[in-house]
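Data first, discussion second: the structure below is written as structure tokens.
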Amino acid sequence: MRILVVEDEKKVSSFIQRGLEEEGFTVEVAFDGEEGVKKAESQTFELILMDVMLPKMDGLAAIKSLREKGIQVPVLCLTARDSIDDKVAGFDIGADDYLAKPFAFVELVARCRALIRRGSNDRGAEISFADVKLDPVAHKVWRAGEEIVLTSKEYALMEYFMRNPNRVLTRQMIAENVWDYTFDSFTNIIDVYVNYLRNKIDQKFDKKLIHTVRGAGYALKES
Ligand code: CA
């Protein structure tokens, strides 16, 4: 279970990090909003703890930026400003829960567990993108209502694309998230699998969904 903590006050972030690690979580820390967004884009987390008052980019802007990029990781907002306005703003832009500082650590852990549980329940729900539908429980994929039979690796790759639409996925990210390890010189295996997937998902359709982003990687998008 990986949690990203975005908090500029080093005392607070190291306190949270230590506490969560004692609870068995793996914790990554970012000290400003920009760094937080970068880490959330390039790594996989089950939860993000986001302070609102942050340098470079504040927490609300960071959440907005993540949601716009299609990153749907649950976010728990942390703030000293327990005002109604902040809560409304936070929920409006895609925060999932809210905790005012100072908080009791047990309360923080309880909220974290609840959000992670909710997030993983959502993982069972069907995902749609354009005319593609994916059932993560049955491991089945349909395009334009017709089932597309995929091998297990092709399916894993497609699920990763479907969970991260409209976003450039580098070969490194694909390797780490679909193959569970890091490739160095074997990145062409990813190109091979993307081509297998294209043959099944895109070939007989006018609208292509799996796009090459030159010099960067791949993206699932409508144009
Ligand atoms: Ca702060």
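Every chain in the structure tokens has a letter given in the order shown (A, B, ...), and although residue numbers restart at 1 in each chain, ligands are simply numbered from 1 in the order shown.
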
- Task: All residues within 8 Å of ligand 1 are required, counting only C-alpha atoms and all ligand atoms; please report them as a ChimeraX atom specification.
- Result: /A:7-9,51-55,79

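The residue that comes closest to Glu176 (chain A), out of A:Glu107, A:Thr44, A:Gly217, A:Met57 and on the basis of only C-alpha atoms, is A:Thr44.
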
- Message: Quick one: residues within 8 Å of Tyr155 (chain A), only C-alpha atoms, excluding same-chain residues fewer than 5 positions away - as number ranges by chain?
- Response: A: 139-141, 150

- Those in region 10-98 of chain A with strand (DSSP E or B) from DSSP, as a PyMOL selection string: chain A and resi 26-30+47-51+75-79+97-98

With N, CA and C atoms retained, export the selected residues as a compact mmCIF listing (two decimals), in the first residue's frame.
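So the final result, stored in result.txt, reads:
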```
# COMPACT_ATOMS: atom_id res chain seq x y z
N THR A 26 3.77 2.06 2.77
CA THR A 26 4.99 2.60 2.18
C THR A 26 4.71 4.06 1.85
N VAL A 27 5.60 4.95 2.29
CA VAL A 27 5.31 6.37 2.17
C VAL A 27 6.36 7.08 1.33
N GLU A 28 5.87 7.90 0.41
CA GLU A 28 6.73 8.77 -0.39
C GLU A 28 6.32 10.20 -0.02
N VAL A 29 7.31 11.08 0.10
CA VAL A 29 6.99 12.45 0.50
C VAL A 29 7.36 13.43 -0.60
N ALA A 30 6.51 14.42 -0.81
CA ALA A 30 6.83 15.54 -1.70
C ALA A 30 6.64 16.82 -0.89
N LEU A 47 -3.22 6.13 -2.32
CA LEU A 47 -3.81 7.29 -1.65
C LEU A 47 -2.82 8.45 -1.68
N ILE A 48 -3.36 9.67 -1.74
CA ILE A 48 -2.52 10.87 -1.62
C ILE A 48 -3.03 11.70 -0.45
N LEU A 49 -2.12 12.07 0.47
CA LEU A 49 -2.44 13.03 1.52
C LEU A 49 -1.92 14.38 1.05
N MET A 50 -2.82 15.34 0.90
CA MET A 50 -2.44 16.61 0.30
C MET A 50 -2.69 17.76 1.26
N ASP A 51 -1.62 18.42 1.69
CA ASP A 51 -1.76 19.64 2.47
C ASP A 51 -2.33 20.71 1.54
N VAL A 75 -7.83 11.24 -2.76
CA VAL A 75 -7.04 12.29 -2.11
C VAL A 75 -7.70 12.70 -0.79
N LEU A 76 -6.90 12.67 0.27
CA LEU A 76 -7.33 13.19 1.56
C LEU A 76 -6.63 14.53 1.77
N CYS A 77 -7.44 15.59 1.90
CA CYS A 77 -6.90 16.93 2.05
C CYS A 77 -6.59 17.22 3.51
N LEU A 78 -5.41 17.78 3.78
CA LEU A 78 -5.04 18.17 5.14
C LEU A 78 -4.91 19.67 5.18
N THR A 79 -5.49 20.29 6.19
CA THR A 79 -5.31 21.73 6.29
C THR A 79 -5.55 22.25 7.69
N ASP A 97 -11.78 13.37 0.76
CA ASP A 97 -12.07 13.56 2.17
C ASP A 97 -11.20 14.70 2.68
N TYR A 98 -11.43 15.10 3.89
CA TYR A 98 -10.88 16.33 4.42
C TYR A 98 -10.57 16.14 5.88
```

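If you look at CA of Gln172 (chain A) and CA of Glu34 (chain A), they are 20.7 Å away from each other.
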
- Message: Applying 8 Å and only C-alpha atoms, which residues near Val178 (chain A) remain after dropping the ones on its own chain fewer than 6 positions away? List them as a ChimeraX atom specification.
- Response: /A:153,156-157,160

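Ranking A:Gln43, A:Asn166, A:Ser13, A:Gln72 by their shortest atom-to-atom distance to Lys221 (chain A), with only C-alpha atoms included, puts A:Asn166 first.
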
Backbone-only DSSP, helix (DSSP H, G or I) members of region 31-203 of chain A, as a short mmCIF file (atom, residue, chain, number, x, y, z; two decimals) with C-alpha atoms, in the first residue's frame:
```
data_model
loop_
_atom_site.label_atom_id
_atom_site.label_comp_id
_atom_site.auth_asym_id
_atom_site.auth_seq_id
_atom_site.Cartn_x
_atom_site.Cartn_y
_atom_site.Cartn_z
CA GLY A 33 2.57 21.01 -5.02
CA GLU A 34 4.56 20.69 -8.22
CA GLU A 35 6.71 17.87 -6.87
CA GLY A 36 3.53 16.19 -5.60
CA VAL A 37 1.90 16.27 -9.03
CA LYS A 38 5.08 14.96 -10.67
CA LYS A 39 5.35 12.03 -8.28
CA ALA A 40 1.65 11.21 -8.56
CA GLU A 41 2.01 11.19 -12.36
CA SER A 42 5.04 8.95 -12.50
CA GLY A 59 -2.96 21.66 -2.66
CA LEU A 60 -6.25 22.51 -4.34
CA ALA A 61 -4.52 23.45 -7.59
CA ALA A 62 -2.48 20.25 -7.38
CA ILE A 63 -5.61 18.10 -6.98
CA LYS A 64 -7.27 19.92 -9.85
CA SER A 65 -4.23 19.30 -12.02
CA LEU A 66 -4.19 15.57 -11.15
CA ARG A 67 -7.89 15.15 -11.91
CA GLU A 68 -7.50 16.98 -15.22
CA ILE A 84 -16.43 25.66 4.96
CA ASP A 85 -15.13 27.43 1.86
CA ASP A 86 -12.04 25.26 1.73
CA LYS A 87 -14.06 22.10 2.14
CA VAL A 88 -16.42 23.02 -0.65
CA ALA A 89 -13.54 24.04 -2.90
CA GLY A 90 -11.70 20.80 -2.10
CA PHE A 91 -14.66 18.56 -2.87
CA ASP A 92 -15.51 20.54 -5.98
CA PHE A 105 -3.09 10.21 14.33
CA VAL A 106 -5.60 7.37 14.83
CA GLU A 107 -8.15 9.49 13.01
CA LEU A 108 -5.76 10.00 10.10
CA VAL A 109 -5.06 6.26 9.86
CA ALA A 110 -8.78 5.44 9.99
CA ARG A 111 -9.53 7.89 7.17
CA CYS A 112 -6.62 6.54 5.12
CA ARG A 113 -7.83 2.97 5.45
CA ALA A 114 -11.42 3.94 4.61
CA LEU A 115 -10.36 5.80 1.45
CA ILE A 116 -8.06 3.00 0.31
CA ARG A 117 -10.82 0.45 0.87
CA ARG A 118 -13.29 2.58 -1.07
CA GLY A 119 -10.74 3.06 -3.84
CA SER A 120 -10.16 -0.66 -4.16
CA ASN A 121 -13.91 -1.37 -4.19
CA ASP A 122 -14.22 1.05 -7.07
CA SER A 152 -3.60 -11.92 -19.87
CA LYS A 153 -0.67 -9.59 -20.56
CA GLU A 154 -2.59 -7.72 -23.24
CA TYR A 155 -5.47 -7.40 -20.80
CA ALA A 156 -3.19 -6.02 -18.05
CA LEU A 157 -1.77 -3.48 -20.48
CA MET A 158 -5.28 -2.46 -21.62
CA GLU A 159 -6.46 -2.09 -18.03
CA TYR A 160 -3.49 0.17 -17.31
CA PHE A 161 -4.36 2.31 -20.36
CA MET A 162 -8.04 2.43 -19.35
CA ARG A 163 -7.21 3.51 -15.79
CA ARG A 171 7.69 2.70 -21.33
CA GLN A 172 9.18 2.90 -17.86
CA MET A 173 5.75 3.48 -16.28
CA ILE A 174 4.24 0.65 -18.32
CA ALA A 175 7.08 -1.67 -17.31
CA GLU A 176 6.70 -0.89 -13.64
CA ASN A 177 2.92 -1.03 -13.56
CA VAL A 178 2.14 -3.86 -15.97
CA ASN A 188 10.96 -3.07 -27.07
CA ILE A 189 8.90 -5.84 -25.49
CA ILE A 190 6.46 -3.08 -24.52
CA ASP A 191 6.32 -1.88 -28.12
CA VAL A 192 5.61 -5.44 -29.19
CA TYR A 193 2.72 -5.78 -26.73
CA VAL A 194 1.31 -2.38 -27.61
CA ASN A 195 1.25 -3.54 -31.24
CA TYR A 196 -0.54 -6.77 -30.30
CA LEU A 197 -3.08 -4.69 -28.45
CA ARG A 198 -3.51 -2.26 -31.33
CA ASN A 199 -4.18 -5.10 -33.72
CA LYS A 200 -7.07 -6.19 -31.55
CA ILE A 201 -8.42 -2.89 -30.23
#
```

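CA of Phe45 (chain A) is found 10.7 Å from CA of Phe25 (chain A).
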
- Message: With only C-alpha atoms as the counted atoms, please give the residues lying no more than 7 Å from Leu209 (chain A), apart from itself and same-chain residues fewer than 4 positions off, as a ChimeraX atom specification.
- Response: /A:202,220-222

Take the residues from that selection and put them in a file with N, CA, C and O atoms, as a compact mmCIF listing (two decimals), in the first residue's frame.
```txt
# COMPACT_ATOMS: atom_id res chain seq x y z
N ASP A 202 -7.70 -1.58 -32.16
CA ASP A 202 -7.82 -0.46 -33.11
C ASP A 202 -7.95 -0.84 -34.57
O ASP A 202 -8.54 -0.10 -35.36
N LEU A 220 -3.66 6.55 -24.35
CA LEU A 220 -5.01 6.17 -24.77
C LEU A 220 -5.80 7.46 -24.86
O LEU A 220 -6.03 8.15 -23.87
N LYS A 221 -6.18 7.83 -26.08
CA LYS A 221 -6.95 9.06 -26.25
C LYS A 221 -7.75 8.99 -27.54
O LYS A 221 -7.51 8.13 -28.38
N GLU A 222 -8.71 9.92 -27.66
CA GLU A 222 -9.64 9.82 -28.80
C GLU A 222 -9.09 10.46 -30.06
O GLU A 222 -9.62 10.23 -31.13
```

- Correct to one decimal, the distance CA of Trp142 (chain A)-CA of Phe129 (chain A) is 10.5 Å
